[in-house]
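A.B. asks: Just so it is clear, I am handing over structure-v8.tsv, which has TSV, C-alpha atoms.
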```tsv
chain	number	residue	atom	x	y	z
T	1	MET	CA	0.00	0.00	0.00
T	2	LYS	CA	1.47	3.32	-1.08
T	3	LYS	CA	1.91	6.17	1.40
T	4	THR	CA	2.31	9.73	0.12
T	5	PHE	CA	3.70	12.76	1.93
T	6	TYR	CA	3.96	16.38	0.79
T	7	SER	CA	5.90	19.47	1.88
T	8	ASN	CA	5.73	23.11	0.77
T	9	GLY	CA	8.65	24.99	-0.73
T	10	LYS	CA	9.98	28.21	0.83
T	11	LEU	CA	11.07	31.80	0.34
T	12	LEU	CA	12.42	34.14	3.02
T	13	LEU	CA	11.10	37.69	2.76
T	14	THR	CA	12.98	39.24	5.70
T	15	GLY	CA	15.73	38.20	8.09
T	16	GLU	CA	17.98	36.26	5.72
T	17	TYR	CA	21.22	35.23	7.45
T	18	VAL	CA	20.37	37.07	10.72
T	19	VAL	CA	17.57	34.57	11.36
T	20	LEU	CA	20.43	32.26	12.39
T	21	ASP	CA	21.14	34.60	15.31
T	22	GLY	CA	17.58	35.01	16.55
T	23	ALA	CA	16.20	37.75	14.32
T	24	LYS	CA	12.52	37.67	13.44
T	25	ALA	CA	11.94	36.61	9.85
T	26	ILE	CA	8.93	36.62	7.55
T	27	ALA	CA	8.90	33.28	5.74
T	28	LEU	CA	6.63	32.45	2.81
T	29	PRO	CA	5.52	28.87	2.03
T	30	THR	CA	5.10	28.41	-1.71
T	31	LYS	CA	2.44	26.79	-3.84
T	32	TYR	CA	5.24	24.63	-5.20
T	33	GLY	CA	6.61	21.70	-3.21
T	34	GLN	CA	7.63	18.04	-3.26
T	35	PHE	CA	5.84	14.69	-2.87
T	36	LEU	CA	7.33	11.53	-1.38
T	37	ASP	CA	5.78	8.15	-2.25
T	38	ILE	CA	6.65	5.05	-0.21
T	39	GLU	CA	5.89	1.45	-1.11
T	40	LYS	CA	7.22	-1.88	0.15
T	41	GLY	CA	10.21	-3.11	-1.81
T	42	PRO	CA	12.94	-5.76	-1.95
T	43	GLU	CA	14.52	-7.07	1.22
T	44	GLN	CA	16.50	-4.42	3.14
T	45	ILE	CA	17.05	-2.33	0.00
T	46	ILE	CA	15.77	1.14	-0.79
T	47	ARG	CA	15.19	1.71	-4.49
T	48	TRP	CA	15.07	5.46	-5.02
T	49	GLN	CA	13.81	7.54	-7.94
T	50	SER	CA	13.62	11.35	-7.96
T	51	TYR	CA	11.57	13.18	-10.58
T	52	ASP	CA	11.95	16.80	-11.57
T	53	ALA	CA	8.94	19.02	-12.33
T	54	ASP	CA	9.09	18.06	-16.02
T	55	SER	CA	8.77	14.33	-15.05
T	56	SER	CA	12.41	13.61	-15.96
T	57	VAL	CA	14.39	11.39	-13.59
T	58	TRP	CA	17.23	13.43	-12.06
T	59	PHE	CA	18.43	10.80	-9.57
T	60	GLU	CA	18.05	7.03	-9.48
T	61	ASP	CA	19.90	4.46	-7.38
T	62	GLN	CA	19.51	1.83	-4.71
T	63	ILE	CA	20.86	1.84	-1.17
T	64	SER	CA	21.13	-1.12	1.17
T	65	PHE	CA	20.15	-0.85	4.82
T	66	ASP	CA	23.75	-1.80	5.67
T	67	SER	CA	25.05	1.17	3.69
T	68	ILE	CA	22.82	3.42	5.78
T	69	ARG	CA	23.81	1.76	9.07
T	70	ASN	CA	27.49	2.21	8.21
T	71	LYS	CA	27.00	5.69	6.73
T	72	GLU	CA	28.84	4.46	3.67
T	73	ASN	CA	30.51	7.00	1.40
T	74	PHE	CA	30.41	6.10	-2.30
T	75	GLY	CA	33.12	8.53	-3.38
T	76	PRO	CA	33.26	12.08	-4.77
T	77	GLN	CA	31.29	11.23	-7.90
T	78	ALA	CA	28.27	10.11	-5.83
T	79	GLY	CA	27.47	13.35	-4.05
T	80	ILE	CA	23.68	13.03	-4.19
T	81	LYS	CA	23.76	9.41	-3.04
T	82	ASN	CA	26.16	10.25	-0.19
T	83	THR	CA	23.89	13.09	0.95
T	84	LEU	CA	20.87	10.81	0.86
T	85	VAL	CA	22.70	8.15	2.89
T	86	GLU	CA	23.63	10.81	5.45
T	87	ILE	CA	20.02	11.99	5.81
T	88	LEU	CA	18.72	8.42	6.14
T	89	TYR	CA	21.49	7.56	8.63
T	90	GLU	CA	20.54	10.53	10.81
T	91	ALA	CA	16.85	9.58	10.51
T	92	ALA	CA	17.73	6.09	11.71
T	93	GLN	CA	19.43	7.58	14.79
T	94	LEU	CA	16.13	9.30	15.60
T	95	ASN	CA	14.02	6.23	14.78
T	96	PRO	CA	16.02	2.98	15.17
T	97	ASP	CA	12.99	0.92	14.09
T	98	PHE	CA	13.44	2.30	10.56
T	99	LEU	CA	16.13	-0.25	9.66
T	100	SER	CA	14.72	-3.16	11.63
T	101	SER	CA	12.26	-4.20	8.92
T	102	ASP	CA	12.84	-7.41	6.95
T	103	THR	CA	11.42	-5.74	3.86
T	104	GLY	CA	12.76	-2.75	1.95
T	105	TYR	CA	11.20	0.24	0.25
T	106	SER	CA	10.53	1.69	-3.15
T	107	VAL	CA	10.77	5.48	-2.77
T	108	THR	CA	9.76	8.11	-5.32
T	109	THR	CA	10.14	11.87	-4.93
T	110	ARG	CA	8.24	14.26	-7.22
T	111	LEU	CA	9.02	17.97	-7.38
T	112	THR	CA	6.36	20.41	-8.57
T	113	PHE	CA	9.05	23.06	-9.23
T	114	PRO	CA	12.28	22.76	-11.25
T	115	ARG	CA	14.88	21.53	-8.79
T	116	LEU	CA	17.35	24.31	-9.60
T	117	TRP	CA	14.88	27.01	-8.55
T	118	GLY	CA	16.08	26.89	-4.95
T	119	LEU	CA	12.62	26.63	-3.41
T	120	GLY	CA	13.65	23.81	-1.07
T	121	THR	CA	14.53	20.56	-2.82
T	122	SER	CA	16.47	19.52	0.31
T	123	SER	CA	14.17	20.93	2.99
T	124	THR	CA	11.04	19.44	1.45
T	125	LEU	CA	12.83	16.09	1.23
T	126	ILE	CA	13.92	16.24	4.87
T	127	ASN	CA	10.44	17.17	6.05
T	128	ASN	CA	8.89	14.39	3.97
T	129	ILE	CA	11.35	11.82	5.32
T	130	ALA	CA	10.62	13.07	8.85
T	131	GLN	CA	6.88	12.57	8.24
T	132	TRP	CA	7.45	9.11	6.83
T	133	LEU	CA	9.66	7.96	9.71
T	134	GLN	CA	7.79	9.98	12.37
T	135	VAL	CA	10.82	11.92	13.61
T	136	ASP	CA	11.40	15.60	14.40
T	137	ALA	CA	12.15	17.36	11.11
T	138	TYR	CA	14.07	20.17	12.84
T	139	ARG	CA	16.37	17.66	14.55
T	140	LEU	CA	16.86	15.81	11.27
T	141	LEU	CA	17.78	19.06	9.53
T	142	GLU	CA	20.18	20.03	12.31
T	143	SER	CA	22.03	16.71	12.19
T	144	SER	CA	22.26	16.61	8.39
T	145	PHE	CA	22.22	19.97	6.54
T	146	GLY	CA	22.08	22.50	9.36
T	147	GLY	CA	20.56	25.97	8.98
T	148	SER	CA	17.95	28.02	10.79
T	149	GLY	CA	15.01	25.67	10.11
T	150	TYR	CA	12.75	28.31	8.58
T	151	ASP	CA	12.48	26.12	5.48
T	152	ILE	CA	11.14	23.24	7.60
T	153	ALA	CA	8.56	25.61	9.11
T	154	CYS	CA	7.49	26.59	5.58
T	155	ALA	CA	7.26	22.92	4.62
T	156	GLN	CA	4.81	22.40	7.48
T	157	ASN	CA	2.66	25.55	7.22
T	158	ASN	CA	0.14	26.70	4.65
T	159	THR	CA	0.24	30.42	5.43
T	160	PRO	CA	3.06	32.96	5.77
T	161	ILE	CA	4.78	32.79	9.15
T	162	ILE	CA	7.00	34.68	11.52
T	163	TYR	CA	9.97	32.44	12.25
T	164	GLN	CA	12.42	32.99	15.09
T	165	LEU	CA	15.01	30.91	16.91
T	166	THR	CA	14.88	31.20	20.70
T	167	ARG	CA	18.03	31.65	22.77
T	168	PHE	CA	18.13	27.84	23.04
T	169	LYS	CA	17.98	27.57	19.23
T	170	ARG	CA	14.48	26.12	19.26
T	171	PRO	CA	12.09	27.29	16.52
T	172	MET	CA	9.20	29.61	17.31
T	173	VAL	CA	6.61	29.68	14.51
T	174	THR	CA	3.71	32.14	14.35
T	175	PRO	CA	1.24	31.76	11.45
T	176	LEU	CA	0.26	35.05	9.78
T	177	GLN	CA	-2.56	36.46	7.75
T	178	LEU	CA	-0.25	38.57	5.60
T	179	ASP	CA	-2.81	40.73	3.82
T	180	LEU	CA	-0.69	42.66	1.32
T	181	SER	CA	-3.26	44.75	-0.52
T	182	PHE	CA	-0.63	45.54	-3.17
T	183	ARG	CA	0.40	41.95	-3.89
T	184	GLN	CA	-0.40	42.51	-7.58
T	185	ASN	CA	2.73	44.70	-7.61
T	186	LEU	CA	4.99	41.96	-6.25
T	187	TYR	CA	6.86	39.54	-8.51
T	188	PHE	CA	9.46	36.82	-8.04
T	189	VAL	CA	12.29	36.77	-10.57
T	190	TYR	CA	14.52	33.73	-11.04
T	191	LEU	CA	18.20	34.63	-11.41
T	192	ASN	CA	19.36	31.10	-12.35
T	193	GLN	CA	22.47	31.42	-10.19
T	194	LYS	CA	22.25	28.58	-7.72
T	195	GLN	CA	23.80	29.33	-4.33
T	196	SER	CA	24.96	26.87	-1.68
T	197	SER	CA	23.17	27.55	1.58
T	198	LYS	CA	26.04	26.02	3.55
T	199	SER	CA	28.61	28.23	1.84
T	200	ALA	CA	26.44	31.32	2.27
T	201	ILE	CA	26.08	30.64	5.99
T	202	MET	CA	29.84	30.17	6.44
T	203	SER	CA	30.49	33.45	4.65
T	204	TYR	CA	27.92	35.16	6.83
T	205	TYR	CA	29.61	34.04	10.03
T	206	ASP	CA	32.84	35.64	8.87
T	207	LYS	CA	31.03	38.94	9.55
T	208	GLN	CA	29.91	38.00	13.09
T	209	GLN	CA	31.14	41.20	14.73
T	210	ARG	CA	28.63	43.25	12.68
T	211	ILE	CA	25.61	41.09	13.35
T	212	ASP	CA	24.41	41.55	16.92
T	213	LYS	CA	23.84	45.30	16.74
T	214	MET	CA	21.90	44.93	13.50
T	215	ILE	CA	19.34	42.39	14.75
T	216	PRO	CA	17.08	44.95	16.54
T	217	LYS	CA	17.00	46.99	13.32
T	218	ILE	CA	15.99	43.97	11.26
T	219	ASP	CA	13.34	43.03	13.84
T	220	ALA	CA	11.91	46.55	13.69
T	221	LEU	CA	11.77	46.43	9.89
T	222	THR	CA	10.08	43.03	9.96
T	223	GLU	CA	7.42	44.34	12.35
T	224	ALA	CA	6.89	47.44	10.20
T	225	ILE	CA	6.57	45.35	7.03
T	226	LEU	CA	3.89	43.21	8.69
T	227	VAL	CA	1.60	46.23	9.13
T	228	SER	CA	2.55	48.06	5.96
T	229	ASN	CA	-0.52	48.77	3.82
T	230	ASP	CA	1.02	51.08	1.24
T	231	LEU	CA	3.15	49.96	-1.70
T	232	TYR	CA	5.64	52.81	-1.44
T	233	GLN	CA	6.04	52.42	2.33
T	234	PHE	CA	6.55	48.68	1.83
T	235	GLY	CA	9.16	49.36	-0.85
T	236	SER	CA	10.98	51.82	1.41
T	237	LEU	CA	11.14	49.28	4.25
T	238	ILE	CA	12.39	46.57	1.88
T	239	ASN	CA	15.09	48.97	0.62
T	240	GLN	CA	16.23	49.66	4.19
T	241	HIS	CA	16.41	45.93	4.90
T	242	GLU	CA	18.49	45.38	1.75
T	243	SER	CA	20.86	48.19	2.74
T	244	ILE	CA	21.46	46.78	6.23
T	245	LEU	CA	22.25	43.30	4.88
T	246	SER	CA	24.52	44.83	2.26
T	247	ASP	CA	26.52	46.47	5.08
T	248	ILE	CA	26.68	43.26	7.11
T	249	LEU	CA	27.72	41.05	4.20
T	250	GLU	CA	29.91	43.67	2.51
T	251	MET	CA	28.20	42.80	-0.76
T	252	GLU	CA	26.47	44.86	-3.41
T	253	THR	CA	22.70	44.67	-3.42
T	254	VAL	CA	21.14	42.72	-6.29
T	255	LYS	CA	19.95	46.00	-7.80
T	256	GLU	CA	23.44	47.51	-7.73
T	257	ARG	CA	24.93	44.35	-9.18
T	258	PHE	CA	22.54	43.55	-12.02
T	259	PHE	CA	19.64	45.97	-12.41
T	260	ASN	CA	20.70	49.52	-11.55
T	261	ASP	CA	18.30	50.97	-14.11
T	262	PHE	CA	15.23	49.14	-12.75
T	263	LYS	CA	12.34	51.48	-11.92
T	264	GLY	CA	11.30	49.84	-8.70
T	265	VAL	CA	12.60	48.00	-5.64
T	266	LEU	CA	14.51	44.70	-5.67
T	267	LYS	CA	15.35	42.41	-2.78
T	268	SER	CA	17.44	39.27	-2.48
T	269	LEU	CA	15.67	36.30	-0.91
T	270	GLY	CA	17.72	33.76	1.04
T	271	ALA	CA	21.35	33.39	-0.03
T	272	TRP	CA	22.38	36.64	-1.70
T	273	GLY	CA	23.10	36.51	-5.42
T	274	GLY	CA	21.28	33.23	-5.75
T	275	ASP	CA	17.92	31.97	-6.83
T	276	PHE	CA	14.81	34.18	-6.65
T	277	ILE	CA	14.59	37.89	-5.94
T	278	LEU	CA	11.53	40.00	-5.12
T	279	ALA	CA	10.64	42.79	-7.56
T	280	ILE	CA	8.30	45.58	-6.44
T	281	ALA	CA	6.99	47.58	-9.37
T	282	PRO	CA	3.98	49.77	-10.25
T	283	ASN	CA	3.58	47.82	-13.52
T	284	ASP	CA	4.31	44.27	-14.66
T	285	PRO	CA	8.14	44.15	-15.04
T	286	THR	CA	8.27	40.89	-17.03
T	287	ALA	CA	9.38	42.55	-20.28
T	288	TYR	CA	12.23	44.37	-18.50
T	289	PHE	CA	13.62	41.18	-16.97
T	290	LYS	CA	13.21	39.17	-20.17
T	291	GLU	CA	15.24	41.79	-22.01
T	292	LYS	CA	17.94	41.41	-19.34
T	293	GLY	CA	17.98	37.63	-19.86
T	294	PHE	CA	15.79	36.58	-16.91
T	295	PRO	CA	12.56	35.23	-18.45
T	296	ILE	CA	11.06	33.55	-15.36
T	297	VAL	CA	8.91	36.13	-13.56
T	298	ILE	CA	6.16	34.80	-11.27
T	299	PRO	CA	3.46	37.01	-9.70
T	300	TYR	CA	3.12	36.82	-5.90
T	301	SER	CA	-0.37	35.30	-6.11
T	302	GLU	CA	0.95	32.40	-8.24
T	303	MET	CA	3.91	31.68	-5.96
T	304	ILE	CA	2.82	32.14	-2.34
T	305	LEU	CA	0.25	30.18	-0.35
```
Take the structure in the file and write it out as structure tokens.

C.D. replies:
Amino acid sequence: MKKTFYSNGKLLLTGEYVVLDGAKAIALPTKYGQFLDIEKGPEQIIRWQSYDADSSVWFEDQISFDSIRNKENFGPQAGIKNTLVEILYEAAQLNPDFLSSDTGYSVTTRLTFPRLWGLGTSSTLINNIAQWLQVDAYRLLESSFGGSGYDIACAQNNTPIIYQLTRFKRPMVTPLQLDLSFRQNLYFVYLNQKQSSKSAIMSYYDKQQRIDKMIPKIDALTEAILVSNDLYQFGSLINQHESILSDILEMETVKERFFNDFKGVLKSLGAWGGDFILAIAPNDPTAYFKEKGFPIVIPYSEMIL
């Protein structure tokens, strides 16, 4: 009998990087996500197939229970398989019954977004595996990929949220009714420049001395954005947020780097210079971005739950 699990993708509107140090962040679950199908399979073997949004297979292999128990490394050419073994190994530490079965599993993952979009291929997988094996998804993330956990919160919630780590690094999640009356002026633009979350976090911590004094400013901006009901006020707050992160990271903003003639406001989302950015514009900016070589422009209402 097949079991199916699903998790939402994610975007981070405010608090990127500083969410790791306890800043309040507005996180946005997406209408895109990932399915995980589980069926019984051959004895103590997991046969794994991963499908991209276009139904193409982007990963296919099999893993023995013993390989998981021993956290086997299959060499530098097997990066995806090694990562999968690591996640399943850590899941087995949280649920030892997982590998006690005499049978195996046939596992299929199905993305509803192209996997290079950066909407949470890994986080949706981890949350789905946690649902399947009935373990804490935050603990599984911490022991495998690391990170703030906001992406796990998005995977589990169907509305925007405020996400914050407590002083003990435990997640605090507050669902929101984020009623942006100007959402028709908000667009998500795909930059097609995949960033490593792990690398971005390491780079961020190189700037640790700048961070603590900035967190109250980011928190204040997040609170102001939550109650903003005017497009131009919202844009001004987003600009201030972008400027503060630019100072912390010692990096150009995405507008300075790529789009200095854009008539509107732009904001990086998640790892700077990476996947999607937010565009705030009085009119549909799709033609502008297509001319610049960025044809994927998704309106807010089509992206966010």

A.B. asks: Would you mind telling me which residue in T:Leu186, T:Ile129, T:Ile218, T:Val19 lies nearest to Met172 (chain T) when using all atoms listed in the file?

C.D. replies: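 Closest candidate: T:Val19.
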
A.B. asks: Expressed in Å to a single decimal, how great is the separation between CA of Thr286 (chain T) and CA of Leu119 (chain T)?

C.D. replies: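 One can read the CA of Thr286 (chain T) to CA of Leu119 (chain T) distance as 20.2 Å.
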
A.B. asks: Would you pick out the contacts of region 173-183 of chain T at 9 Å or less, using all atoms listed in the file, so that residues sharing its chain but fewer than 5 positions from it are not included, and give the list as a ChimeraX atom specification?

C.D. replies: /T:150,153,157-165,226-231,299-301

A.B. asks: Measure the distance from CA of Ser100 (chain T) to CA of Ile46 (chain T) in Å and round it to one decimal.

C.D. replies: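 Between CA of Ser100 (chain T) and CA of Ile46 (chain T) the gap is 13.2 Å.
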
A.B. asks: Between T:Phe168, T:Phe59, T:Trp117, T:Phe65, which one has atoms that come closest to Pro96 (chain T), using all atoms listed in the file?

C.D. replies: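 For Pro96 (chain T), the nearest of the candidates is T:Phe65.
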
A.B. asks: Out of T:Leu140, T:Lys169, T:Leu249, T:Ala53, which residue has the shortest atom-to-atom distance to Gln93 (chain T) when counting all atoms listed in the file?

C.D. replies: T:Leu140

A.B. asks: Which one of T:Gln49, T:Glu302, T:Asp61, T:Ile211 sits closest to Phe74 (chain T) if you count only C-alpha atoms?

C.D. replies: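 The shortest atom-to-atom distance to Phe74 (chain T) comes from T:Asp61.
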
A.B. asks: Can you measure CA of Glu16 (chain T) to CA of Gly270 (chain T) for me? One decimal in Å is fine.

C.D. replies: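 The value is 5.3 Å.
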
A.B. asks: Using all atoms listed in the file, can you tell me which of T:Asn82, T:Thr4, T:Ser64, T:Asn239 comes closest to Ile280 (chain T)?

C.D. replies: T:Asn239

A.B. asks: Go through T:Phe234, T:Phe113, T:Phe294, T:Tyr17 one by one, measure the shortest atom-to-atom distance of each to Lys31 (chain T) using all atoms listed in the file, and give the residue with the smallest value.

C.D. replies: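 Result for the nearest residue to Lys31 (chain T): T:Phe113.
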
A.B. asks: My structure is short of atoms at region 271-295 of chain T; please model N, CA, C and O atoms there, returning them as a PDB file, keeping the file's coordinate frame.

C.D. replies:
```pdb
ATOM      1  N   ALA T 271      19.925  33.155   0.227  1.00  0.00           N
ATOM      2  CA  ALA T 271      21.350  33.390  -0.030  1.00  0.00           C
ATOM      3  C   ALA T 271      21.514  34.458  -1.106  1.00  0.00           C
ATOM      4  O   ALA T 271      20.966  34.339  -2.200  1.00  0.00           O
ATOM      5  N   TRP T 272      22.256  35.501  -0.783  1.00  0.00           N
ATOM      6  CA  TRP T 272      22.380  36.640  -1.700  1.00  0.00           C
ATOM      7  C   TRP T 272      23.049  36.235  -3.008  1.00  0.00           C
ATOM      8  O   TRP T 272      24.037  35.494  -3.010  1.00  0.00           O
ATOM      9  N   GLY T 273      22.531  36.783  -4.105  1.00  0.00           N
ATOM     10  CA  GLY T 273      23.100  36.510  -5.420  1.00  0.00           C
ATOM     11  C   GLY T 273      22.651  35.190  -5.997  1.00  0.00           C
ATOM     12  O   GLY T 273      23.201  34.738  -6.987  1.00  0.00           O
ATOM     13  N   GLY T 274      21.622  34.590  -5.385  1.00  0.00           N
ATOM     14  CA  GLY T 274      21.280  33.230  -5.750  1.00  0.00           C
ATOM     15  C   GLY T 274      20.061  33.065  -6.615  1.00  0.00           C
ATOM     16  O   GLY T 274      20.042  33.486  -7.769  1.00  0.00           O
ATOM     17  N   ASP T 275      19.015  32.511  -6.048  1.00  0.00           N
ATOM     18  CA  ASP T 275      17.920  31.970  -6.830  1.00  0.00           C
ATOM     19  C   ASP T 275      16.875  33.036  -7.189  1.00  0.00           C
ATOM     20  O   ASP T 275      16.999  33.709  -8.186  1.00  0.00           O
ATOM     21  N   PHE T 276      15.848  33.204  -6.364  1.00  0.00           N
ATOM     22  CA  PHE T 276      14.810  34.180  -6.650  1.00  0.00           C
ATOM     23  C   PHE T 276      15.078  35.508  -5.945  1.00  0.00           C
ATOM     24  O   PHE T 276      15.669  35.551  -4.859  1.00  0.00           O
ATOM     25  N   ILE T 277      14.627  36.582  -6.578  1.00  0.00           N
ATOM     26  CA  ILE T 277      14.590  37.890  -5.940  1.00  0.00           C
ATOM     27  C   ILE T 277      13.149  38.394  -5.992  1.00  0.00           C
ATOM     28  O   ILE T 277      12.336  37.934  -6.799  1.00  0.00           O
ATOM     29  N   LEU T 278      12.834  39.340  -5.111  1.00  0.00           N
ATOM     30  CA  LEU T 278      11.530  40.000  -5.120  1.00  0.00           C
ATOM     31  C   LEU T 278      11.654  41.301  -5.898  1.00  0.00           C
ATOM     32  O   LEU T 278      12.576  42.091  -5.665  1.00  0.00           O
ATOM     33  N   ALA T 279      10.722  41.525  -6.822  1.00  0.00           N
ATOM     34  CA  ALA T 279      10.640  42.790  -7.560  1.00  0.00           C
ATOM     35  C   ALA T 279       9.347  43.487  -7.172  1.00  0.00           C
ATOM     36  O   ALA T 279       8.269  42.876  -7.197  1.00  0.00           O
ATOM     37  N   ILE T 280       9.459  44.754  -6.792  1.00  0.00           N
ATOM     38  CA  ILE T 280       8.300  45.580  -6.440  1.00  0.00           C
ATOM     39  C   ILE T 280       8.208  46.661  -7.504  1.00  0.00           C
ATOM     40  O   ILE T 280       9.134  47.450  -7.675  1.00  0.00           O
ATOM     41  N   ALA T 281       7.100  46.673  -8.229  1.00  0.00           N
ATOM     42  CA  ALA T 281       6.990  47.580  -9.370  1.00  0.00           C
ATOM     43  C   ALA T 281       5.548  48.042  -9.552  1.00  0.00           C
ATOM     44  O   ALA T 281       4.608  47.266  -9.295  1.00  0.00           O
ATOM     45  N   PRO T 282       5.348  49.288 -10.016  1.00  0.00           N
ATOM     46  CA  PRO T 282       3.980  49.770 -10.250  1.00  0.00           C
ATOM     47  C   PRO T 282       3.305  49.067 -11.424  1.00  0.00           C
ATOM     48  O   PRO T 282       2.081  48.978 -11.470  1.00  0.00           O
ATOM     49  N   ASN T 283       4.115  48.540 -12.361  1.00  0.00           N
ATOM     50  CA  ASN T 283       3.580  47.820 -13.520  1.00  0.00           C
ATOM     51  C   ASN T 283       4.332  46.507 -13.708  1.00  0.00           C
ATOM     52  O   ASN T 283       5.448  46.339 -13.211  1.00  0.00           O
ATOM     53  N   ASP T 284       3.719  45.589 -14.421  1.00  0.00           N
ATOM     54  CA  ASP T 284       4.310  44.270 -14.660  1.00  0.00           C
ATOM     55  C   ASP T 284       5.711  44.423 -15.261  1.00  0.00           C
ATOM     56  O   ASP T 284       5.866  44.944 -16.372  1.00  0.00           O
ATOM     57  N   PRO T 285       6.766  43.948 -14.561  1.00  0.00           N
ATOM     58  CA  PRO T 285       8.140  44.150 -15.040  1.00  0.00           C
ATOM     59  C   PRO T 285       8.673  43.008 -15.902  1.00  0.00           C
ATOM     60  O   PRO T 285       9.870  42.953 -16.187  1.00  0.00           O
ATOM     61  N   THR T 286       7.808  42.092 -16.325  1.00  0.00           N
ATOM     62  CA  THR T 286       8.270  40.890 -17.030  1.00  0.00           C
ATOM     63  C   THR T 286       9.106  41.236 -18.255  1.00  0.00           C
ATOM     64  O   THR T 286      10.171  40.638 -18.490  1.00  0.00           O
ATOM     65  N   ALA T 287       8.653  42.203 -19.055  1.00  0.00           N
ATOM     66  CA  ALA T 287       9.380  42.550 -20.280  1.00  0.00           C
ATOM     67  C   ALA T 287      10.784  43.056 -19.969  1.00  0.00           C
ATOM     68  O   ALA T 287      11.750  42.716 -20.671  1.00  0.00           O
ATOM     69  N   TYR T 288      10.907  43.853 -18.905  1.00  0.00           N
ATOM     70  CA  TYR T 288      12.230  44.370 -18.500  1.00  0.00           C
ATOM     71  C   TYR T 288      13.175  43.222 -18.194  1.00  0.00           C
ATOM     72  O   TYR T 288      14.315  43.185 -18.676  1.00  0.00           O
ATOM     73  N   PHE T 289      12.727  42.262 -17.381  1.00  0.00           N
ATOM     74  CA  PHE T 289      13.620  41.180 -16.970  1.00  0.00           C
ATOM     75  C   PHE T 289      13.918  40.225 -18.128  1.00  0.00           C
ATOM     76  O   PHE T 289      15.039  39.709 -18.233  1.00  0.00           O
ATOM     77  N   LYS T 290      12.948  40.001 -18.993  1.00  0.00           N
ATOM     78  CA  LYS T 290      13.210  39.170 -20.170  1.00  0.00           C
ATOM     79  C   LYS T 290      14.297  39.787 -21.038  1.00  0.00           C
ATOM     80  O   LYS T 290      15.179  39.093 -21.550  1.00  0.00           O
ATOM     81  N   GLU T 291      14.232  41.100 -21.212  1.00  0.00           N
ATOM     82  CA  GLU T 291      15.240  41.790 -22.010  1.00  0.00           C
ATOM     83  C   GLU T 291      16.621  41.660 -21.400  1.00  0.00           C
ATOM     84  O   GLU T 291      17.636  41.623 -22.095  1.00  0.00           O
ATOM     85  N   LYS T 292      16.672  41.559 -20.058  1.00  0.00           N
ATOM     86  CA  LYS T 292      17.940  41.410 -19.340  1.00  0.00           C
ATOM     87  C   LYS T 292      18.420  39.953 -19.321  1.00  0.00           C
ATOM     88  O   LYS T 292      19.504  39.653 -18.809  1.00  0.00           O
ATOM     89  N   GLY T 293      17.589  39.038 -19.830  1.00  0.00           N
ATOM     90  CA  GLY T 293      17.980  37.630 -19.860  1.00  0.00           C
ATOM     91  C   GLY T 293      17.443  36.794 -18.709  1.00  0.00           C
ATOM     92  O   GLY T 293      17.949  35.697 -18.449  1.00  0.00           O
ATOM     93  N   PHE T 294      16.393  37.291 -18.045  1.00  0.00           N
ATOM     94  CA  PHE T 294      15.790  36.580 -16.910  1.00  0.00           C
ATOM     95  C   PHE T 294      14.299  36.394 -17.195  1.00  0.00           C
ATOM     96  O   PHE T 294      13.468  37.196 -16.752  1.00  0.00           O
ATOM     97  N   PRO T 295      13.936  35.358 -17.947  1.00  0.00           N
ATOM     98  CA  PRO T 295      12.560  35.230 -18.450  1.00  0.00           C
ATOM     99  C   PRO T 295      11.546  34.696 -17.437  1.00  0.00           C
ATOM    100  O   PRO T 295      10.344  34.767 -17.696  1.00  0.00           O
TER     101      PRO T 295
END
```
